[in-house]
>>> print(open('protein_27.cif').read())   # mmCIF, C-alpha atoms
data_structure
loop_
_atom_site.group_PDB
_atom_site.id
_atom_site.type_symbol
_atom_site.label_atom_id
_atom_site.label_comp_id
_atom_site.auth_asym_id
_atom_site.auth_seq_id
_atom_site.Cartn_x
_atom_site.Cartn_y
_atom_site.Cartn_z
ATOM 1 C CA MET V 1 59.734 -28.849 -22.563
ATOM 2 C CA THR V 2 55.931 -28.716 -22.445
ATOM 3 C CA LEU V 3 54.095 -31.462 -24.309
ATOM 4 C CA GLN V 4 52.518 -29.812 -27.348
ATOM 5 C CA ALA V 5 50.863 -32.588 -29.344
ATOM 6 C CA SER V 6 49.674 -36.164 -29.117
ATOM 7 C CA VAL V 7 49.755 -38.161 -32.345
ATOM 8 C CA VAL V 8 46.931 -40.724 -32.427
ATOM 9 C CA VAL V 9 47.366 -43.702 -34.740
ATOM 10 C CA PRO V 10 44.467 -46.193 -34.964
ATOM 11 C CA THR V 11 45.481 -49.644 -36.129
ATOM 12 C CA ARG V 12 44.211 -53.160 -36.542
ATOM 13 C CA GLY V 13 46.230 -56.163 -37.639
ATOM 14 C CA ARG V 14 48.670 -54.378 -39.981
ATOM 15 C CA PRO V 15 52.033 -54.783 -38.218
ATOM 16 C CA ASP V 16 54.317 -54.005 -41.152
ATOM 17 C CA LEU V 17 52.451 -50.823 -42.022
ATOM 18 C CA LEU V 18 52.307 -49.723 -38.386
ATOM 19 C CA ARG V 19 56.026 -50.304 -37.903
ATOM 20 C CA ARG V 20 56.853 -48.150 -40.917
ATOM 21 C CA CYS V 21 54.505 -45.372 -39.776
ATOM 22 C CA LEU V 22 55.947 -45.286 -36.262
ATOM 23 C CA HIS V 23 59.505 -45.007 -37.567
ATOM 24 C CA GLU V 24 58.463 -41.926 -39.568
ATOM 25 C CA LEU V 25 56.714 -40.409 -36.558
ATOM 26 C CA LEU V 26 59.797 -40.885 -34.395
ATOM 27 C CA ALA V 27 61.812 -38.997 -37.022
ATOM 28 C CA GLN V 28 59.813 -35.751 -36.803
ATOM 29 C CA ASP V 29 61.899 -32.558 -36.775
ATOM 30 C CA LEU V 30 60.461 -31.571 -33.419
ATOM 31 C CA ASP V 31 61.901 -31.822 -29.936
ATOM 32 C CA PRO V 32 61.034 -35.384 -28.782
ATOM 33 C CA ALA V 33 59.773 -33.944 -25.497
ATOM 34 C CA ALA V 34 57.191 -31.883 -27.395
ATOM 35 C CA TYR V 35 55.045 -34.775 -28.557
ATOM 36 C CA GLU V 36 53.877 -38.286 -27.798
ATOM 37 C CA ILE V 37 52.629 -41.106 -30.030
ATOM 38 C CA VAL V 38 49.500 -42.995 -28.985
ATOM 39 C CA VAL V 39 48.714 -46.236 -30.810
ATOM 40 C CA ALA V 40 45.057 -47.222 -30.397
ATOM 41 C CA ASP V 41 44.750 -50.903 -31.245
ATOM 42 C CA ASP V 42 41.225 -51.726 -32.420
ATOM 43 C CA GLY V 43 40.724 -55.321 -31.329
ATOM 44 C CA ALA V 44 43.626 -55.415 -28.855
ATOM 45 C CA SER V 45 46.232 -57.685 -30.444
ATOM 46 C CA GLU V 46 49.182 -58.927 -28.419
ATOM 47 C CA ALA V 47 51.262 -58.906 -31.604
ATOM 48 C CA THR V 48 50.577 -55.189 -32.072
ATOM 49 C CA ARG V 49 51.437 -54.481 -28.444
ATOM 50 C CA GLU V 50 54.784 -56.238 -28.886
ATOM 51 C CA ILE V 51 55.559 -54.198 -32.010
ATOM 52 C CA VAL V 52 54.851 -50.909 -30.252
ATOM 53 C CA GLU V 53 56.880 -51.860 -27.181
ATOM 54 C CA THR V 54 59.781 -53.140 -29.299
ATOM 55 C CA ILE V 55 59.919 -49.937 -31.337
ATOM 56 C CA ALA V 56 59.869 -47.876 -28.136
ATOM 57 C CA GLN V 57 62.707 -49.945 -26.657
ATOM 58 C CA ASP V 58 64.774 -49.707 -29.849
ATOM 59 C CA ALA V 59 64.300 -45.945 -29.849
ATOM 60 C CA ASP V 60 65.591 -45.794 -26.263
ATOM 61 C CA GLU V 61 68.904 -47.185 -27.441
ATOM 62 C CA HIS V 62 69.392 -44.294 -29.870
ATOM 63 C CA GLY V 63 68.851 -41.423 -27.482
ATOM 64 C CA PRO V 64 65.873 -39.184 -26.627
ATOM 65 C CA HIS V 65 62.660 -39.903 -28.497
ATOM 66 C CA ALA V 66 58.977 -39.167 -28.271
ATOM 67 C CA CYS V 67 57.023 -41.254 -25.806
ATOM 68 C CA VAL V 68 55.255 -44.139 -27.557
ATOM 69 C CA ARG V 69 52.190 -45.551 -25.822
ATOM 70 C CA TYR V 70 50.002 -48.552 -26.614
ATOM 71 C CA LEU V 71 46.259 -48.439 -25.893
ATOM 72 C CA PRO V 72 44.053 -51.514 -26.368
ATOM 73 C CA VAL V 73 40.548 -50.969 -27.731
ATOM 74 C CA CYS V 74 38.496 -53.885 -26.469
ATOM 75 C CA GLY V 75 36.357 -55.556 -29.101
ATOM 76 C CA ARG V 76 36.179 -54.572 -32.744
ATOM 77 C CA HIS V 77 34.696 -51.118 -33.015
ATOM 78 C CA GLY V 78 36.259 -49.482 -36.044
ATOM 79 C CA PRO V 79 38.653 -46.543 -36.529
ATOM 80 C CA ALA V 80 36.261 -43.944 -35.094
ATOM 81 C CA ALA V 81 36.187 -45.716 -31.730
ATOM 82 C CA ALA V 82 39.935 -46.267 -31.837
ATOM 83 C CA ARG V 83 40.565 -42.571 -32.439
ATOM 84 C CA ASN V 84 38.262 -41.661 -29.552
ATOM 85 C CA THR V 85 40.170 -44.001 -27.265
ATOM 86 C CA GLY V 86 43.394 -42.378 -28.395
ATOM 87 C CA TRP V 87 42.541 -38.695 -28.077
ATOM 88 C CA ARG V 88 40.706 -39.099 -24.787
ATOM 89 C CA ALA V 89 43.823 -40.670 -23.264
ATOM 90 C CA ALA V 90 46.136 -38.083 -24.850
ATOM 91 C CA ARG V 91 48.083 -35.756 -22.586
ATOM 92 C CA ALA V 92 48.689 -32.846 -24.960
ATOM 93 C CA PRO V 93 46.342 -29.969 -25.884
ATOM 94 C CA ILE V 94 46.684 -30.636 -29.643
ATOM 95 C CA ILE V 95 45.705 -33.943 -31.210
ATOM 96 C CA ALA V 96 47.253 -34.996 -34.522
ATOM 97 C CA PHE V 97 45.649 -37.869 -36.412
ATOM 98 C CA THR V 98 47.227 -40.088 -39.031
ATOM 99 C CA ASP V 99 46.706 -43.698 -40.101
ATOM 100 C CA ASP V 100 48.953 -46.724 -39.783
ATOM 101 C CA ASP V 101 49.394 -46.922 -43.570
ATOM 102 C CA CYS V 102 50.642 -43.319 -43.853
ATOM 103 C CA LEU V 103 54.169 -41.909 -43.910
ATOM 104 C CA PRO V 104 54.303 -38.429 -42.337
ATOM 105 C CA ALA V 105 57.023 -36.106 -43.640
ATOM 106 C CA PRO V 106 59.621 -34.964 -41.047
ATOM 107 C CA CYS V 107 58.003 -31.506 -40.914
ATOM 108 C CA TRP V 108 54.431 -32.851 -40.692
ATOM 109 C CA LEU V 109 53.776 -32.434 -36.994
ATOM 110 C CA ARG V 110 55.559 -29.102 -36.659
ATOM 111 C CA ALA V 111 53.559 -27.649 -39.560
ATOM 112 C CA GLY V 112 50.318 -28.965 -38.132
ATOM 113 C CA ILE V 113 50.990 -27.477 -34.705
ATOM 114 C CA ASN V 114 51.922 -24.118 -36.225
ATOM 115 C CA SER V 115 48.647 -24.026 -38.196
ATOM 116 C CA LEU V 116 46.596 -23.953 -34.991
ATOM 117 C CA SER V 117 46.985 -20.330 -34.000
ATOM 118 C CA ASP V 118 44.960 -17.125 -33.958
ATOM 119 C CA GLY V 119 41.787 -18.870 -32.879
ATOM 120 C CA VAL V 120 42.077 -21.724 -35.385
ATOM 121 C CA ALA V 121 41.064 -24.947 -33.667
ATOM 122 C CA ALA V 122 41.439 -27.542 -36.434
ATOM 123 C CA ALA V 123 43.379 -28.100 -39.648
ATOM 124 C CA TRP V 124 44.036 -30.679 -42.306
ATOM 125 C CA GLY V 125 47.266 -31.238 -44.194
ATOM 126 C CA GLN V 126 48.254 -32.298 -47.690
ATOM 127 C CA THR V 127 47.964 -36.008 -48.434
ATOM 128 C CA ILE V 128 50.166 -37.288 -51.243
ATOM 129 C CA VAL V 129 49.067 -40.472 -53.005
ATOM 130 C CA PRO V 130 51.865 -41.753 -55.263
ATOM 131 C CA THR V 131 50.743 -43.240 -58.576
ATOM 132 C CA SER V 132 52.623 -44.571 -61.564
ATOM 133 C CA GLY V 133 51.582 -45.685 -65.007
ATOM 134 C CA ILE V 134 47.956 -46.188 -65.939
ATOM 135 C CA PRO V 135 45.874 -46.820 -62.797
ATOM 136 C CA THR V 136 43.177 -49.371 -62.189
ATOM 137 C CA ASP V 137 39.705 -48.183 -61.258
ATOM 138 C CA TYR V 138 40.509 -48.880 -57.599
ATOM 139 C CA GLU V 139 43.802 -46.982 -57.756
ATOM 140 C CA ARG V 140 42.149 -43.981 -59.396
ATOM 141 C CA ASP V 141 39.499 -43.868 -56.674
ATOM 142 C CA ALA V 142 42.134 -44.217 -53.933
ATOM 143 C CA ALA V 143 44.190 -41.412 -55.478
ATOM 144 C CA GLY V 144 41.200 -39.122 -54.950
ATOM 145 C CA LEU V 145 42.298 -38.865 -51.321
ATOM 146 C CA ALA V 146 44.958 -36.398 -52.472
ATOM 147 C CA THR V 147 42.302 -33.853 -53.433
ATOM 148 C CA ALA V 148 39.916 -34.543 -50.563
ATOM 149 C CA GLY V 149 39.394 -32.006 -47.820
ATOM 150 C CA PHE V 150 39.480 -32.779 -44.113
ATOM 151 C CA VAL V 151 40.563 -36.429 -43.789
ATOM 152 C CA THR V 152 41.605 -38.295 -40.661
ATOM 153 C CA ALA V 153 44.747 -39.596 -42.349
ATOM 154 C CA ASN V 154 46.148 -36.102 -41.890
ATOM 155 C CA CYS V 155 44.417 -33.684 -39.542
ATOM 156 C CA PHE V 156 44.898 -31.733 -36.327
ATOM 157 C CA CYS V 157 42.452 -30.567 -33.686
ATOM 158 C CA CYS V 158 42.527 -28.992 -30.249
ATOM 159 C CA LYS V 159 41.576 -31.553 -27.638
ATOM 160 C CA GLU V 160 39.067 -29.236 -25.984
ATOM 161 C CA VAL V 161 37.288 -28.780 -29.324
ATOM 162 C CA LEU V 162 37.076 -32.539 -29.857
ATOM 163 C CA ALA V 163 35.515 -32.794 -26.410
ATOM 164 C CA ALA V 164 33.070 -30.002 -27.224
ATOM 165 C CA VAL V 165 31.724 -31.743 -30.342
ATOM 166 C CA GLY V 166 31.818 -35.227 -28.826
ATOM 167 C CA GLY V 167 34.718 -36.564 -30.875
ATOM 168 C CA PHE V 168 34.005 -39.175 -33.518
ATOM 169 C CA ASP V 169 30.624 -40.860 -33.798
ATOM 170 C CA GLU V 170 31.367 -44.525 -33.134
ATOM 171 C CA ARG V 171 28.380 -45.624 -35.174
ATOM 172 C CA PHE V 172 30.657 -45.124 -38.180
ATOM 173 C CA THR V 173 32.225 -48.553 -37.807
ATOM 174 C CA MET V 174 34.115 -48.428 -41.100
ATOM 175 C CA ALA V 175 36.656 -45.944 -42.396
ATOM 176 C CA TRP V 176 34.012 -43.910 -44.203
ATOM 177 C CA ARG V 177 32.323 -40.569 -43.502
ATOM 178 C CA GLU V 178 33.516 -40.355 -39.878
ATOM 179 C CA ASP V 179 35.900 -37.558 -40.877
ATOM 180 C CA THR V 180 33.156 -35.764 -42.823
ATOM 181 C CA ASP V 181 30.892 -36.075 -39.782
ATOM 182 C CA LEU V 182 33.560 -34.395 -37.651
ATOM 183 C CA ILE V 183 34.127 -31.497 -40.044
ATOM 184 C CA PHE V 184 30.356 -31.004 -40.372
ATOM 185 C CA ALA V 185 30.125 -30.881 -36.567
ATOM 186 C CA LEU V 186 32.891 -28.254 -36.451
ATOM 187 C CA THR V 187 31.062 -26.246 -39.115
ATOM 188 C CA GLU V 188 27.773 -26.368 -37.206
ATOM 189 C CA HIS V 189 29.553 -25.255 -34.030
ATOM 190 C CA LYS V 190 31.139 -22.373 -35.990
ATOM 191 C CA ILE V 191 34.641 -23.579 -35.149
ATOM 192 C CA ASP V 192 37.368 -22.263 -37.450
ATOM 193 C CA PHE V 193 39.537 -24.716 -39.380
ATOM 194 C CA VAL V 194 42.154 -24.238 -42.084
ATOM 195 C CA HIS V 195 44.178 -26.083 -44.685
ATOM 196 C CA ALA V 196 47.864 -26.599 -43.782
ATOM 197 C CA PRO V 197 49.529 -27.752 -47.028
ATOM 198 C CA GLU V 198 52.993 -27.833 -45.427
ATOM 199 C CA ALA V 199 51.833 -30.702 -43.190
ATOM 200 C CA THR V 200 52.290 -33.554 -45.640
ATOM 201 C CA VAL V 201 51.879 -37.287 -45.382
ATOM 202 C CA VAL V 202 52.408 -39.883 -48.073
ATOM 203 C CA HIS V 203 49.570 -42.395 -48.375
ATOM 204 C CA PRO V 204 50.730 -45.299 -50.571
ATOM 205 C CA ILE V 205 48.035 -47.249 -52.407
ATOM 206 C CA ARG V 206 47.894 -50.778 -51.084
ATOM 207 C CA SER V 207 47.175 -53.730 -53.320
ATOM 208 C CA ALA V 208 43.548 -54.834 -53.341
ATOM 209 C CA PRO V 209 41.850 -58.142 -54.147
ATOM 210 C CA TRP V 210 39.904 -58.687 -57.335
ATOM 211 C CA GLY V 211 36.407 -57.236 -57.007
ATOM 212 C CA ILE V 212 37.274 -54.884 -54.132
ATOM 213 C CA SER V 213 34.699 -52.382 -55.413
ATOM 214 C CA LEU V 214 31.884 -54.744 -54.408
ATOM 215 C CA ARG V 215 33.097 -54.949 -50.829
ATOM 216 C CA GLN V 216 33.392 -51.173 -50.657
ATOM 217 C CA GLN V 217 29.691 -50.714 -51.392
ATOM 218 C CA ARG V 218 28.941 -51.522 -47.755
ATOM 219 C CA LYS V 219 30.268 -48.060 -46.939
ATOM 220 C CA SER V 220 27.159 -46.612 -48.605
ATOM 221 C CA MET V 221 25.225 -47.529 -45.480
ATOM 222 C CA PHE V 222 26.971 -44.772 -43.537
ATOM 223 C CA ASN V 223 25.899 -42.091 -45.986
ATOM 224 C CA ALA V 224 22.449 -42.472 -44.453
ATOM 225 C CA LEU V 225 23.806 -41.765 -40.967
ATOM 226 C CA LEU V 226 25.693 -38.709 -42.187
ATOM 227 C CA TYR V 227 22.561 -37.416 -43.914
ATOM 228 C CA LYS V 228 20.456 -37.968 -40.806
ATOM 229 C CA LYS V 229 22.869 -35.962 -38.654
ATOM 230 C CA HIS V 230 23.617 -33.137 -41.091
ATOM 231 C CA PRO V 231 20.930 -32.989 -43.810
ATOM 232 C CA ASP V 232 21.657 -29.421 -44.970
ATOM 233 C CA LEU V 233 25.420 -29.846 -45.180
ATOM 234 C CA TYR V 234 25.027 -33.260 -46.772
ATOM 235 C CA ARG V 235 22.874 -31.862 -49.571
ATOM 236 C CA ARG V 236 25.350 -29.031 -50.077
ATOM 237 C CA TYR V 237 28.574 -31.048 -50.224
ATOM 238 C CA ILE V 238 27.862 -34.717 -50.927
ATOM 239 C CA PRO V 239 27.096 -35.940 -54.482
ATOM 240 C CA LEU V 240 23.430 -36.332 -55.330
ATOM 241 C CA VAL V 241 21.405 -39.536 -55.236
ATOM 242 C CA PRO V 242 22.913 -42.112 -57.661
ATOM 243 C CA TRP V 243 19.785 -42.353 -59.780
ATOM 244 C CA HIS V 244 21.652 -44.360 -62.430
ATOM 245 C CA TYR V 245 22.033 -47.137 -59.844
ATOM 246 C CA TYR V 246 18.297 -47.090 -59.204
ATOM 247 C CA ARG V 247 17.452 -47.051 -62.922
ATOM 248 C CA THR V 248 19.842 -49.924 -63.663
ATOM 249 C CA THR V 249 18.519 -51.974 -60.749
ATOM 250 C CA ALA V 250 14.921 -51.274 -61.747
ATOM 251 C CA ALA V 251 15.645 -52.460 -65.303
ATOM 252 C CA LEU V 252 17.209 -55.647 -63.939
ATOM 253 C CA LEU V 253 14.270 -56.375 -61.648
ATOM 254 C CA ALA V 254 11.778 -55.653 -64.433
ATOM 255 C CA THR V 255 13.641 -58.055 -66.720
ATOM 256 C CA ILE V 256 13.492 -60.820 -64.116
ATOM 257 C CA VAL V 257 9.771 -60.250 -63.481
ATOM 258 C CA MET V 258 8.935 -60.250 -67.198
ATOM 259 C CA LEU V 259 11.015 -63.392 -67.689
ATOM 260 C CA LEU V 260 9.143 -65.191 -64.928
ATOM 261 C CA ARG V 261 5.822 -64.086 -66.448
ATOM 262 C CA GLY V 262 6.835 -65.333 -69.863
ATOM 263 C CA GLN V 263 6.673 -61.883 -71.474
ATOM 264 C CA ARG V 264 9.373 -62.350 -74.113
ATOM 265 C CA ALA V 265 9.143 -58.956 -75.773
ATOM 266 C CA LEU V 266 9.173 -57.074 -72.473
ATOM 267 C CA THR V 267 11.977 -59.294 -71.176
ATOM 268 C CA LEU V 268 14.070 -58.420 -74.208
ATOM 269 C CA LEU V 269 13.268 -54.725 -73.788
ATOM 270 C CA GLY V 270 14.215 -54.755 -70.099
ATOM 271 C CA ALA V 271 17.394 -56.729 -70.732
ATOM 272 C CA SER V 272 18.416 -54.319 -73.475
ATOM 273 C CA ALA V 273 17.898 -51.303 -71.199
ATOM 274 C CA TRP V 274 19.833 -52.970 -68.390
ATOM 275 C CA ALA V 275 22.703 -53.952 -70.724
ATOM 276 C CA TRP V 276 22.905 -50.443 -72.177
ATOM 277 C CA MET V 277 23.052 -48.748 -68.780
ATOM 278 C CA THR V 278 25.515 -51.304 -67.433
ATOM 279 C CA GLY V 279 27.705 -50.885 -70.507
ATOM 280 C CA ARG V 280 27.789 -47.108 -70.077
ATOM 281 C CA PHE V 281 28.738 -47.523 -66.422
ATOM 282 C CA CYS V 282 31.517 -49.967 -67.294
ATOM 283 C CA ALA V 283 32.849 -47.708 -70.059
ATOM 284 C CA ARG V 284 32.949 -44.750 -67.669
ATOM 285 C CA ARG V 285 34.967 -46.756 -65.144
ATOM 286 C CA LEU V 286 37.379 -47.958 -67.823
ATOM 287 C CA ARG V 287 37.977 -44.478 -69.228
ATOM 288 C CA GLY V 288 41.557 -43.529 -68.423
ATOM 289 C CA THR V 289 42.285 -46.752 -66.539
ATOM 290 C CA SER V 290 44.193 -49.975 -67.214
ATOM 291 C CA ARG V 291 43.341 -52.076 -70.241
ATOM 292 C CA ALA V 292 44.814 -55.256 -68.780
ATOM 293 C CA ALA V 293 42.561 -58.245 -69.479
ATOM 294 C CA ARG V 294 42.173 -58.995 -65.765
ATOM 295 C CA HIS V 295 41.114 -55.435 -65.043
ATOM 296 C CA ILE V 296 38.665 -55.294 -67.949
ATOM 297 C CA ALA V 297 37.067 -58.537 -66.758
ATOM 298 C CA GLU V 298 36.784 -57.100 -63.246
ATOM 299 C CA MET V 299 35.113 -53.940 -64.551
ATOM 300 C CA VAL V 300 32.597 -55.910 -66.646
ATOM 301 C CA VAL V 301 31.570 -58.175 -63.780
ATOM 302 C CA THR V 302 31.508 -55.571 -61.012
ATOM 303 C CA SER V 303 29.724 -52.974 -63.155
ATOM 304 C CA ALA V 304 26.850 -55.431 -63.485
ATOM 305 C CA VAL V 305 26.735 -56.149 -59.750
ATOM 306 C CA ILE V 306 27.524 -52.787 -58.141
ATOM 307 C CA PRO V 307 24.176 -51.008 -58.745
ATOM 308 C CA PRO V 308 21.949 -53.501 -56.866
ATOM 309 C CA VAL V 309 24.566 -54.047 -54.160
ATOM 310 C CA ALA V 310 24.982 -50.294 -53.631
ATOM 311 C CA ILE V 311 21.224 -49.765 -53.467
ATOM 312 C CA PHE V 312 20.909 -52.596 -50.952
ATOM 313 C CA TRP V 313 23.437 -50.983 -48.621
ATOM 314 C CA ARG V 314 21.977 -47.480 -48.998
ATOM 315 C CA LEU V 315 18.509 -48.754 -48.101
ATOM 316 C CA ARG V 316 19.993 -50.909 -45.345
ATOM 317 C CA GLY V 317 21.491 -47.731 -43.896
ATOM 318 C CA ALA V 318 18.149 -45.926 -44.124
ATOM 319 C CA LEU V 319 16.509 -48.725 -42.121
ATOM 320 C CA LYS V 320 19.351 -49.091 -39.626
ATOM 321 C CA PHE V 321 19.555 -45.386 -38.846
ATOM 322 C CA ARG V 322 15.833 -44.736 -39.275
ATOM 323 C CA VAL V 323 15.964 -41.979 -41.858
ATOM 324 C CA VAL V 324 14.287 -41.375 -45.202
ATOM 325 C CA PHE V 325 17.275 -41.695 -47.494
ATOM 326 C CA LEU V 326 17.814 -42.713 -51.102
#
>>> encode(input="protein_27.cif", output="structure tokens")
Amino acid sequence: MTLQASVVVPTRGRPDLLRRCLHELLAQDLDPAAYEIVVADDGASEATREIVETIAQDADEHGPHACVRYLPVCGRHGPAAARNTGWRAARAPIIAFTDDDCLPAPCWLRAGINSLSDGVAAAWGQTIVPTSGIPTDYERDAAGLATAGFVTANCFCCKEVLAAVGGFDERFTMAWREDTDLIFALTEHKIDFVHAPEATVVHPIRSAPWGISLRQQRKSMFNALLYKKHPDLYRRYIPLVPWHYYRTTAALLATIVMLLRGQRALTLLGASAWAWMTGRFCARRLRGTSRAARHIAEMVVTSAVIPPVAIFWRLRGALKFRVVFL
């Protein structure tokens, strides 16, 4: 049978998640000869190579299965570079992307392949994010993936189209905005893409350390790159400038300056404005989320720190990518 699709899975140092994902990919309700699985290892770990080879060998013992290949990605480049390594080495005309922490349904690949017909060159499937009980702020944000559009955890694209638009921009070194950059490139090239809701993957929410929201602010840097490349589409589809971050940070800086100058009344005024804006931000994040003491403490602390940290990374991105961006 002719090879129809290559499934590209970028990974880095998550063996248990990768193992689970590969087992689901080997269980697709498609002729094993119709697809291959390409694991692109960002950072080239011998442990990951052994996992991939072991899974392939185990599959051999149970009869025909899709070819499973391991590709090392030298150095640490990020998921965009890993995906490029994967699709460029792929042997099939259709490339299917998912992530190592996803669980594709048995019909996922078949539905994705079927969606690329009648001139359609790209598609994205339905991502299911299981939740239970009252979420934390982090869990609520992560669950937003279920309503997102074109995401690399669950998408399909003709290989020739990826080549035409240059694939993923490897300057996106974190898992942020590289999928939006690709869909914007397809839009600008007037390439048709569709939603394929039958192509489903489950994306479980992983546990996160306390204060994870502070670490995630670094992603803001890549908004500047996306804006530089696609200013019109960015303004149309991406949320506006977070002026509340700028106002809160300005109030904090003004308070510090007035304190150093010994201006007690102005210091009190600035501190009051900062506390009011920070309190509103914290209350908004707590609305509809967990009331556990640990979570409340996390929201109070991170709500005070996020605005200046986010502004730092946004301006850092503007400088790094040489674009006027707020």
>>> resolve_selection(input="protein_27.cif", expression="the PyMOL selection byres ((chain V and resi 161) around 10)", output="count of residues only")
17
>>> closest_residue(input="protein_27.cif", among="V:Asn154, V:Pro130, V:Gly78, V:Ala185", to="Ala96 in chain V", atoms="only C-alpha atoms")
V:Asn154
>>> atom_distance(input="protein_27.cif", atom1="CA of Arg83 in chain V", atom2="CA of Glu53 in chain V")
19.5 Å
>>> closest_residue(input="protein_27.cif", among="V:Trp243, V:Tyr70, V:Tyr138, V:Phe156", to="Ala111 in chain V", atoms="all atoms listed in the file")
V:Phe156
>>> axis_aligned_box(input="protein_27.cif", around="range 155-168 of chain V", padding_each_side="6 Å", output="JSON")
{"center_x": 38.3, "center_y": -34.0, "center_z": -32.8, "size_x": 25.2, "size_y": 22.4, "size_z": 25.6}
>>> build_atoms(input="protein_27.cif", residues="range 85-97 of chain V", atoms="N, CA and C atoms", output="PDB file, in the frame of the given file")
ATOM      1  N   THR V  85      39.366 -43.439 -28.353  1.00  0.00           N
ATOM      2  CA  THR V  85      40.170 -44.001 -27.265  1.00  0.00           C
ATOM      3  C   THR V  85      41.514 -43.292 -27.180  1.00  0.00           C
ATOM      4  N   GLY V  86      42.096 -43.021 -28.355  1.00  0.00           N
ATOM      5  CA  GLY V  86      43.394 -42.378 -28.395  1.00  0.00           C
ATOM      6  C   GLY V  86      43.383 -40.946 -27.903  1.00  0.00           C
ATOM      7  N   TRP V  87      42.491 -40.117 -28.455  1.00  0.00           N
ATOM      8  CA  TRP V  87      42.541 -38.695 -28.077  1.00  0.00           C
ATOM      9  C   TRP V  87      42.072 -38.454 -26.642  1.00  0.00           C
ATOM     10  N   ARG V  88      41.175 -39.290 -26.156  1.00  0.00           N
ATOM     11  CA  ARG V  88      40.706 -39.099 -24.787  1.00  0.00           C
ATOM     12  C   ARG V  88      41.795 -39.438 -23.760  1.00  0.00           C
ATOM     13  N   ALA V  89      42.715 -40.319 -24.159  1.00  0.00           N
ATOM     14  CA  ALA V  89      43.823 -40.670 -23.264  1.00  0.00           C
ATOM     15  C   ALA V  89      45.049 -39.790 -23.498  1.00  0.00           C
ATOM     16  N   ALA V  90      44.999 -38.925 -24.499  1.00  0.00           N
ATOM     17  CA  ALA V  90      46.136 -38.083 -24.850  1.00  0.00           C
ATOM     18  C   ALA V  90      46.420 -37.062 -23.756  1.00  0.00           C
ATOM     19  N   ARG V  91      47.688 -36.676 -23.650  1.00  0.00           N
ATOM     20  CA  ARG V  91      48.083 -35.756 -22.586  1.00  0.00           C
ATOM     21  C   ARG V  91      48.366 -34.348 -23.088  1.00  0.00           C
ATOM     22  N   ALA V  92      48.353 -34.150 -24.393  1.00  0.00           N
ATOM     23  CA  ALA V  92      48.689 -32.846 -24.960  1.00  0.00           C
ATOM     24  C   ALA V  92      47.428 -32.083 -25.371  1.00  0.00           C
ATOM     25  N   PRO V  93      47.518 -30.767 -25.514  1.00  0.00           N
ATOM     26  CA  PRO V  93      46.342 -29.969 -25.884  1.00  0.00           C
ATOM     27  C   PRO V  93      45.983 -30.048 -27.369  1.00  0.00           C
ATOM     28  N   ILE V  94      46.933 -30.483 -28.205  1.00  0.00           N
ATOM     29  CA  ILE V  94      46.684 -30.636 -29.643  1.00  0.00           C
ATOM     30  C   ILE V  94      46.747 -32.110 -30.000  1.00  0.00           C
ATOM     31  N   ILE V  95      45.751 -32.552 -30.762  1.00  0.00           N
ATOM     32  CA  ILE V  95      45.705 -33.943 -31.210  1.00  0.00           C
ATOM     33  C   ILE V  95      45.981 -33.981 -32.712  1.00  0.00           C
ATOM     34  N   ALA V  96      46.943 -34.791 -33.108  1.00  0.00           N
ATOM     35  CA  ALA V  96      47.253 -34.996 -34.522  1.00  0.00           C
ATOM     36  C   ALA V  96      46.844 -36.419 -34.891  1.00  0.00           C
ATOM     37  N   PHE V  97      46.098 -36.549 -35.975  1.00  0.00           N
ATOM     38  CA  PHE V  97      45.649 -37.869 -36.412  1.00  0.00           C
ATOM     39  C   PHE V  97      46.339 -38.254 -37.717  1.00  0.00           C
TER      40      PHE V  97
END
